[in-house]
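Visitor: Let me begin by handing over the structure; questions about it come next.
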2 protein chains.
Amino acid sequence: MDSKKFLLQERDIPTAWYNIIPDMPNKPRPYLNPATKQPLNAEDFFPLFSEEASRQELNTTDSWIEIPEEVRDMYKIWRPTPLVRARGLEKLLDTPAHIYFKNESVSPVGSHKLNSAIPQAYYCKKQGVTNITTETGAGQWGAALSLAAKAFGLELAVYMVKISYNQKPYRRSIMQTYGAEVIASPSMSTKAGRKIITEHPNYQGSLGTAISEAVELAMSTPNCKYALGSVLNHVSLHQTVIGLEAEKQMEMAGEYPDVIIGCFGGGSNFSGISFPFLRHNFEGKTNTRFIAAEPESCPKLTKGVFQYDFGDEAGYTPLIPMLTLGHNFAPANIHAGGLRYHGAGAVVSQLREDNLVEAVDIPQLESFAAATLFARGEGIIPAPESAHAIAAAIREAKKCKEEGKGKVILFNLSGHGLIDMASYDRYFAGDLANYTVPDDEIANNTASLEHII
Amino acid sequence: MDSKKFLLQERDIPTAWYNIIPDMPNKPRPYLNPATKQPLNAEDFFPLFSEEASRQELNTTDSWIEIPEEVRDMYKIWRPTPLVRARGLEKLLDTPAHIYFKNESVSPVGSHKLNSAIPQAYYCKKQGVTNITTETGAGQWGAALSLAAKAFGLELAVYMVKISYNQKPYRRSIMQTYGAEVIASPSMSTKAGRKIITEHPNYQGSLGTAISEAVELAMSTPNCKYALGSVLNHVSLHQTVIGLEAEKQMEMAGEYPDVIIGCFGGGSNFSGISFPFLRHNFEGKTNTRFIAAEPESCPKLTKGVFQYDFGDEAGYTPLIPMLTLGHNFAPANIHAGGLRYHGAGAVVSQLREDNLVEAVDIPQLESFAAATLFARGEGIIPAPESAHAIAAAIREAKKCKEEGKGKVILFNLSGHGLIDMASYDRYFAGDLANYTVPDDEIANNTASLEHII
């Protein structure tokens, strides 16, 4: 474990986020009003999100968006995060590859999610909002927003996917310690929740359903906004601090990544590590490969269809142009709760369609094997979500060994797994399985969707 | 939460540990052979510890002991740790005090324990040892030694206090993820364990009993050494990296602490933050107060007797001159498992006797109230052990407010509580209680001890 850290100073925290949309060869298609099928503008999002987040969501012209001083001040609690040369893992793999990881697990809530929770809460506070709602899968996003809400004096209600609520009770406790209210989803507290509980009494929930519940509560509560932890453009935007810092740190290391990898649920951490580097591909300066590592049980990037779909289960959101398994897709109960989402955000979907990023599917058992190897080589126990990025990085490093090539691999360690130890227990006990999704299930789920025009 | 971090670079990691003993006005009394009552020398410890750790344990002449390059390289995984000005907490307390904390929770196992686990494992490996044993209370030390053992290729068996084994199953999983064997103590695997299980079938264990079991296994296994996570001089020595870094960081902050606080189990983290600063008191340059914050349910520093006692329950260890509640003291089942130990190490006991450090008792409920306030002000959920230091710091900050004085308070945040959320759950549910220790229980437990000669 002679791994090498590359450390920045507080002054190196980026002063602006990178907005990839202006630089994309093909811009993402517009969000559509489900009733009129007309493109939406920023004002259409004002009832749901803070005005600033709404404007960022639809901003297709400004490549750089200034990070408010109040947000940078809070970033200083844990940022800049370390970049680490994973020599311990390299040795265990006996690979000629150089493996680096950006360690986003050092945030006080243990993941990258705080990068977007802070600005979203800040923009709400700034316009006088008093209450916010959200959903959470594994609880990483909910924990982050709970901390951010407390910091800016907002009341927060979190709909937590039921399977995670039960599998990960400690994440619930963390949210409560920060003062948030946590509700298992589907719940009886919303129309969307009641409908699905009635139709499927044993349904263990999904991010899509939890989003429906949170959106419904926000829309029906005065002075209340909704905040989302992934999928959307403004969330990916905020996460670019990861890649922007990593760019400087790779310079310190004197190398440039040949391959960049992030795990993939809705896209926020993958976008965060990738977009700042991807712009150099657009400029023709580099030829880096970008790999999104999704769970085999939720394969929207590799097996999904590129169509207009809802972001939530109940169909409350605008129509989003996405690679999707269908908004009523019910993912298997894998332990990487944060990756159990049916679709990819509009930007990554477009990039994937244009073959500017790649995707791989990781079986659950491979992800835990990779996580255990990483823990023993680097000393950090990764979140089950992040383990998918590690598994993809290990595949690339093994390829390097076979081919005798010394590539530079960078992946994002989006979070630690200290609150996911029950999942590791089940893995060691041999209780975990792999899940593949039958093609006809995807076909059925997506049959009724609007085709991309 | 506009808290301010003070960050060092890797080159600022200390190159030597500070050994306080040469500078003490009164040196600690010697360890004694229980049979002969004769003082022990380093060689007497060779069967139990690595030779280098044994020599460090008895070193009363060298103020500085060089940190091996291999150990410093592993320290770089997470060190230097941040010093933080806790402005969020200050605001919640509306105090004129400036509160700083050294954030040892950023280590990959979540606590300061890795500072000593690494050199202890390293010295064993260097002399060709293949197997090591230890005990763990809350699991922080066991997790740290599991990582260190894996890094240096040693096999490790950990006796984990039964109450923590049951209360904190995730810490057990963490040790297993790093590849260690974990046994609930008392167990049937040792004479010491079998004896206490037979006499007290429902006994939930204590650090004293777990130490007996680990020592017995080490002494009866070829090429096997024992490693301890607290109490001993060489452990405190290794932990001085905390205070040495904090010294530089307080300089960066332009202030000097009036009060320094650490929670207290056997003494390692308190010693680590305190000793480097205490030497300036010895030099007559400063007049800093040092406060050890122990649990009300285990009050060795405030209510214990200063006598020769065993370090473990079964009486396998040398006689140690300590402030003690008696080695067969069975502490209440508080959630700060790492503080459930009957005695204080020889150095801190002597310092306390000489009135060079102070001690306070913190009731369990006060510790959790302090932890919750801290989490909401600073965004970090503290370990229940560290919460005792926070509670003591809050007492001092409140005194400052009453007296209108702006003191500088520094405490050690020895670890985070992300794996202790079940304890927080019970606190929020109103299921936790305070425990005071009746004076006659202490008198009974200590009646048969050897008086300090």
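Convention: chains lettered A, B, ... in structure tokens order; per-chain residue numbering from 1; ligands numbered from 1 as shown.
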Report as a ChimeraX atom specification all protein, DNA and RNA residues lying within 9 Å of B:Pro82, evaluated on only C-alpha atoms, omitting residues in the same chain fewer than 4 positions from it.
Guide: /B:5-8,101-104,106,245-246,249
Visitor: Based on the selection just made, write N, CA, C and O atoms of those residues as a compact mmCIF listing (two decimals), in the first residue's frame.
Guide:
# COMPACT_ATOMS: atom_id res chain seq x y z
N LYS B 5 -10.80 25.01 7.12
CA LYS B 5 -9.82 23.92 7.23
C LYS B 5 -8.40 24.47 7.16
O LYS B 5 -8.12 25.37 6.37
N PHE B 6 -7.48 23.88 7.91
CA PHE B 6 -6.07 24.19 7.76
C PHE B 6 -5.37 22.91 7.31
O PHE B 6 -5.37 21.91 8.03
N LEU B 7 -4.80 22.97 6.11
CA LEU B 7 -4.28 21.76 5.46
C LEU B 7 -2.77 21.78 5.35
O LEU B 7 -2.19 22.80 5.00
N LEU B 8 -2.16 20.66 5.63
CA LEU B 8 -0.72 20.50 5.43
C LEU B 8 -0.47 19.67 4.18
O LEU B 8 -1.39 19.05 3.64
N PHE B 101 -10.94 21.59 15.81
CA PHE B 101 -10.78 20.15 16.01
C PHE B 101 -9.85 19.56 14.98
O PHE B 101 -9.79 20.02 13.83
N LYS B 102 -9.08 18.58 15.43
CA LYS B 102 -8.21 17.83 14.54
C LYS B 102 -9.03 16.66 14.04
O LYS B 102 -9.56 15.86 14.84
N ASN B 103 -9.17 16.55 12.71
CA ASN B 103 -10.11 15.57 12.15
C ASN B 103 -9.42 14.25 11.80
O ASN B 103 -9.04 14.00 10.66
N GLU B 104 -9.30 13.39 12.80
CA GLU B 104 -8.69 12.06 12.59
C GLU B 104 -9.69 11.07 11.97
O GLU B 104 -9.33 9.92 11.70
N VAL B 106 -10.80 11.10 9.08
CA VAL B 106 -10.63 10.95 7.62
C VAL B 106 -9.78 9.74 7.22
O VAL B 106 -9.58 9.50 6.04
N GLU B 245 1.20 17.44 14.07
CA GLU B 245 0.58 18.13 12.93
C GLU B 245 -0.27 19.31 13.41
O GLU B 245 -0.23 20.39 12.82
N ALA B 246 -1.03 19.08 14.48
CA ALA B 246 -1.93 20.13 14.97
C ALA B 246 -1.15 21.38 15.39
O ALA B 246 -1.63 22.51 15.22
N GLN B 249 -0.55 23.35 12.42
CA GLN B 249 -1.79 23.89 11.87
C GLN B 249 -2.33 25.03 12.72
O GLN B 249 -2.90 25.98 12.19
Visitor: Give me, as a list of chain:residue names, the contact residues of chain A against chain B at a cut-off of 7 Å, counting only C-alpha atoms.
Guide: A:Met1, A:Asp2, A:Ser3, A:Lys5, A:Asp73, A:Met74, A:Ile77, A:Val106, A:Pro108, A:Leu147, A:Lys150, A:Ala151, A:Tyr170, A:Ser173, A:Ile174, A:Thr177, A:Tyr178, A:Thr372, A:Ala375, A:Arg376, A:Gly379, A:Ile380, A:Leu418, A:Ile419, A:Met421, A:Ala422, A:Asp425
Visitor: Could you write out, as a PyMOL selection string, all the residues of stretch 86-249 of chain A that DSSP marks as alpha helix (DSSP H)?
Guide: chain A and resi 87-93+114-126+140-151+162-167+169-177+191-199+207-219+233-249
Visitor: So, counting only C-alpha atoms, which residue among A:Lys113, A:Arg55, A:Arg11, A:Lys248 is closest to A:Asn233?
Guide: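 Result for the nearest residue to A:Asn233: A:Arg55.
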Visitor: Got a sec to tell me which of stretch 138-372 of chain A DSSP assigns to strand (DSSP E or B), as a PyMOL selection string?
Guide: chain A and resi 155-161+181-185+224-226+259-263+289-295+305-310+319-324+343+358-362
Visitor: Of the candidates A:Glu366, A:Asp94, A:Glu52, A:Asp309, which one gets nearest to A:Lys399 if we count only C-alpha atoms?
Guide: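 Among the listed residues, the smallest separation from A:Lys399 belongs to A:Asp94.
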Visitor: Would you mind reading off the distance between atom CA of A:Asn131 and atom CA of A:Ile196, one decimal, in Å?
Guide: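 Interatomic distance here is 25.5 Å.
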Visitor: Set the distance at 12 Å and use only C-alpha atoms: which residues neighbour B:Ser274 once local chain neighbours fewer than 5 positions away are removed? I'd like the list as a PyMOL selection string.
Guide: chain B and resi 18-20+102+236-237+239-247+257-264+267-269+279-281+288-292+348+351+356-358+410-412
Visitor: Suppose you want the space between atom CA of B:Asn33 and atom CA of B:Glu313; what is it in Å?
Guide: 16.3 Å
Visitor: With a distance cut-off of 9 Å and only C-alpha atoms, select the neighbouring residues of B:Lys300, excluding the residue or stretch itself and same-chain residues fewer than 3 positions from it, and output the selection as a ChimeraX atom specification.
Guide: /B:294,303-305,323-326,341-344
Visitor: Could you check how far atom CA of B:Ala253 sits from atom CA of B:Val408, in Å to one decimal?
Guide: 11.0 Å
Visitor: I'd like the neighbourhood of B:Ala314 as a PDB file with all heavy atoms, in the first residue's frame, where a residue qualifies if any of its atoms comes within 10 Å (using only C-alpha atoms), though same-chain residues fewer than 5 positions away should be ignored.
Guide:
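And here's part-v9.pdb as it stands now:
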ATOM      1  N   LYS B 191      -8.346 -20.148  27.675  1.00  0.00           N
ATOM      2  CA  LYS B 191      -8.596 -20.442  29.089  1.00  0.00           C
ATOM      3  C   LYS B 191      -9.277 -19.264  29.770  1.00  0.00           C
ATOM      4  O   LYS B 191     -10.223 -19.420  30.541  1.00  0.00           O
ATOM      5  CB  LYS B 191      -7.252 -20.740  29.799  1.00  0.00           C
ATOM      6  CG  LYS B 191      -6.894 -22.216  29.853  1.00  0.00           C
ATOM      7  CD  LYS B 191      -5.716 -22.457  30.765  1.00  0.00           C
ATOM      8  CE  LYS B 191      -4.400 -22.224  30.014  1.00  0.00           C
ATOM      9  NZ  LYS B 191      -3.193 -22.512  30.796  1.00  0.00           N
ATOM     10  N   ALA B 192      -8.734 -18.070  29.507  1.00  0.00           N
ATOM     11  CA  ALA B 192      -9.290 -16.863  30.139  1.00  0.00           C
ATOM     12  C   ALA B 192     -10.755 -16.680  29.763  1.00  0.00           C
ATOM     13  O   ALA B 192     -11.595 -16.354  30.612  1.00  0.00           O
ATOM     14  CB  ALA B 192      -8.477 -15.639  29.713  1.00  0.00           C
ATOM     15  N   GLY B 193     -11.072 -16.904  28.491  1.00  0.00           N
ATOM     16  CA  GLY B 193     -12.446 -16.754  28.034  1.00  0.00           C
ATOM     17  C   GLY B 193     -13.353 -17.808  28.645  1.00  0.00           C
ATOM     18  O   GLY B 193     -14.449 -17.506  29.142  1.00  0.00           O
ATOM     19  N   LYS B 195     -13.031 -19.409  31.390  1.00  0.00           N
ATOM     20  CA  LYS B 195     -13.215 -19.186  32.823  1.00  0.00           C
ATOM     21  C   LYS B 195     -14.333 -18.160  33.074  1.00  0.00           C
ATOM     22  O   LYS B 195     -15.246 -18.391  33.873  1.00  0.00           O
ATOM     23  CB  LYS B 195     -11.897 -18.691  33.433  1.00  0.00           C
ATOM     24  CG  LYS B 195     -11.955 -18.413  34.929  1.00  0.00           C
ATOM     25  CD  LYS B 195     -10.547 -18.338  35.533  1.00  0.00           C
ATOM     26  CE  LYS B 195     -10.574 -18.092  37.030  1.00  0.00           C
ATOM     27  NZ  LYS B 195     -10.929 -16.711  37.380  1.00  0.00           N
ATOM     28  N   ILE B 196     -14.271 -17.062  32.359  1.00  0.00           N
ATOM     29  CA  ILE B 196     -15.249 -16.004  32.652  1.00  0.00           C
ATOM     30  C   ILE B 196     -16.636 -16.370  32.121  1.00  0.00           C
ATOM     31  O   ILE B 196     -17.661 -16.056  32.740  1.00  0.00           O
ATOM     32  CB  ILE B 196     -14.772 -14.619  32.136  1.00  0.00           C
ATOM     33  CG1 ILE B 196     -15.538 -13.520  32.872  1.00  0.00           C
ATOM     34  CG2 ILE B 196     -14.908 -14.468  30.637  1.00  0.00           C
ATOM     35  CD1 ILE B 196     -14.834 -12.203  32.904  1.00  0.00           C
ATOM     36  N   GLY B 208     -10.729  -5.528  28.986  1.00  0.00           N
ATOM     37  CA  GLY B 208      -9.818  -6.277  29.845  1.00  0.00           C
ATOM     38  C   GLY B 208      -9.849  -7.772  29.547  1.00  0.00           C
ATOM     39  O   GLY B 208      -8.803  -8.435  29.474  1.00  0.00           O
ATOM     40  N   THR B 209     -11.035  -8.324  29.356  1.00  0.00           N
ATOM     41  CA  THR B 209     -11.166  -9.749  29.049  1.00  0.00           C
ATOM     42  C   THR B 209     -10.635 -10.064  27.641  1.00  0.00           C
ATOM     43  O   THR B 209      -9.938 -11.059  27.428  1.00  0.00           O
ATOM     44  CB  THR B 209     -12.648 -10.180  29.135  1.00  0.00           C
ATOM     45  OG1 THR B 209     -13.126  -9.871  30.441  1.00  0.00           O
ATOM     46  CG2 THR B 209     -12.819 -11.661  28.875  1.00  0.00           C
ATOM     47  N   ALA B 210     -10.971  -9.209  26.708  1.00  0.00           N
ATOM     48  CA  ALA B 210     -10.529  -9.443  25.323  1.00  0.00           C
ATOM     49  C   ALA B 210      -9.007  -9.394  25.235  1.00  0.00           C
ATOM     50  O   ALA B 210      -8.392 -10.178  24.493  1.00  0.00           O
ATOM     51  CB  ALA B 210     -11.163  -8.414  24.390  1.00  0.00           C
ATOM     52  N   ILE B 211      -8.383  -8.502  26.014  1.00  0.00           N
ATOM     53  CA  ILE B 211      -6.920  -8.450  26.032  1.00  0.00           C
ATOM     54  C   ILE B 211      -6.366  -9.772  26.547  1.00  0.00           C
ATOM     55  O   ILE B 211      -5.424 -10.336  25.974  1.00  0.00           O
ATOM     56  CB  ILE B 211      -6.424  -7.270  26.903  1.00  0.00           C
ATOM     57  CG1 ILE B 211      -6.792  -5.930  26.256  1.00  0.00           C
ATOM     58  CG2 ILE B 211      -4.913  -7.346  27.124  1.00  0.00           C
ATOM     59  CD1 ILE B 211      -6.496  -4.704  27.118  1.00  0.00           C
ATOM     60  N   SER B 212      -6.954 -10.297  27.638  1.00  0.00           N
ATOM     61  CA  SER B 212      -6.500 -11.577  28.171  1.00  0.00           C
ATOM     62  C   SER B 212      -6.531 -12.655  27.094  1.00  0.00           C
ATOM     63  O   SER B 212      -5.589 -13.439  26.936  1.00  0.00           O
ATOM     64  CB  SER B 212      -7.397 -12.034  29.332  1.00  0.00           C
ATOM     65  OG  SER B 212      -7.292 -11.158  30.420  1.00  0.00           O
ATOM     66  N   GLU B 213      -7.610 -12.702  26.340  1.00  0.00           N
ATOM     67  CA  GLU B 213      -7.739 -13.750  25.331  1.00  0.00           C
ATOM     68  C   GLU B 213      -6.689 -13.588  24.226  1.00  0.00           C
ATOM     69  O   GLU B 213      -6.054 -14.565  23.814  1.00  0.00           O
ATOM     70  CB  GLU B 213      -9.156 -13.729  24.734  1.00  0.00           C
ATOM     71  CG  GLU B 213     -10.217 -14.101  25.763  1.00  0.00           C
ATOM     72  CD  GLU B 213     -11.453 -14.680  25.113  1.00  0.00           C
ATOM     73  OE1 GLU B 213     -11.508 -15.923  24.918  1.00  0.00           O
ATOM     74  OE2 GLU B 213     -12.367 -13.897  24.773  1.00  0.00           O
ATOM     75  N   VAL B 215      -3.800 -11.991  24.375  1.00  0.00           N
ATOM     76  CA  VAL B 215      -2.464 -12.236  24.912  1.00  0.00           C
ATOM     77  C   VAL B 215      -2.226 -13.738  25.042  1.00  0.00           C
ATOM     78  O   VAL B 215      -1.181 -14.263  24.664  1.00  0.00           O
ATOM     79  CB  VAL B 215      -2.291 -11.534  26.283  1.00  0.00           C
ATOM     80  CG1 VAL B 215      -1.057 -12.048  27.008  1.00  0.00           C
ATOM     81  CG2 VAL B 215      -2.206 -10.022  26.099  1.00  0.00           C
ATOM     82  N   GLU B 216      -3.239 -14.456  25.542  1.00  0.00           N
ATOM     83  CA  GLU B 216      -3.093 -15.902  25.722  1.00  0.00           C
ATOM     84  C   GLU B 216      -2.847 -16.581  24.370  1.00  0.00           C
ATOM     85  O   GLU B 216      -1.956 -17.445  24.251  1.00  0.00           O
ATOM     86  CB  GLU B 216      -4.359 -16.472  26.382  1.00  0.00           C
ATOM     87  CG  GLU B 216      -4.234 -17.938  26.739  1.00  0.00           C
ATOM     88  CD  GLU B 216      -5.525 -18.508  27.337  1.00  0.00           C
ATOM     89  OE1 GLU B 216      -6.205 -17.796  28.113  1.00  0.00           O
ATOM     90  OE2 GLU B 216      -5.861 -19.665  27.009  1.00  0.00           O
ATOM     91  N   HIS B 327      -8.983  -4.367  37.736  1.00  0.00           N
ATOM     92  CA  HIS B 327      -8.972  -5.019  36.425  1.00  0.00           C
ATOM     93  C   HIS B 327     -10.175  -5.915  36.201  1.00  0.00           C
ATOM     94  O   HIS B 327     -10.413  -6.364  35.085  1.00  0.00           O
ATOM     95  CB  HIS B 327      -7.668  -5.807  36.228  1.00  0.00           C
ATOM     96  CG  HIS B 327      -7.460  -6.908  37.227  1.00  0.00           C
ATOM     97  ND1 HIS B 327      -6.839  -6.705  38.432  1.00  0.00           N
ATOM     98  CD2 HIS B 327      -7.810  -8.209  37.210  1.00  0.00           C
ATOM     99  CE1 HIS B 327      -6.796  -7.850  39.107  1.00  0.00           C
ATOM    100  NE2 HIS B 327      -7.382  -8.773  38.374  1.00  0.00           N
ATOM    101  N   ASN B 328     -10.933  -6.210  37.241  1.00  0.00           N
ATOM    102  CA  ASN B 328     -12.164  -6.978  37.019  1.00  0.00           C
ATOM    103  C   ASN B 328     -13.418  -6.096  37.028  1.00  0.00           C
ATOM    104  O   ASN B 328     -14.540  -6.589  37.179  1.00  0.00           O
ATOM    105  CB  ASN B 328     -12.268  -8.133  38.029  1.00  0.00           C
ATOM    106  CG  ASN B 328     -12.103  -7.635  39.447  1.00  0.00           C
ATOM    107  OD1 ASN B 328     -11.895  -6.437  39.663  1.00  0.00           O
ATOM    108  ND2 ASN B 328     -12.203  -8.531  40.409  1.00  0.00           N
TER     109      ASN B 328
END
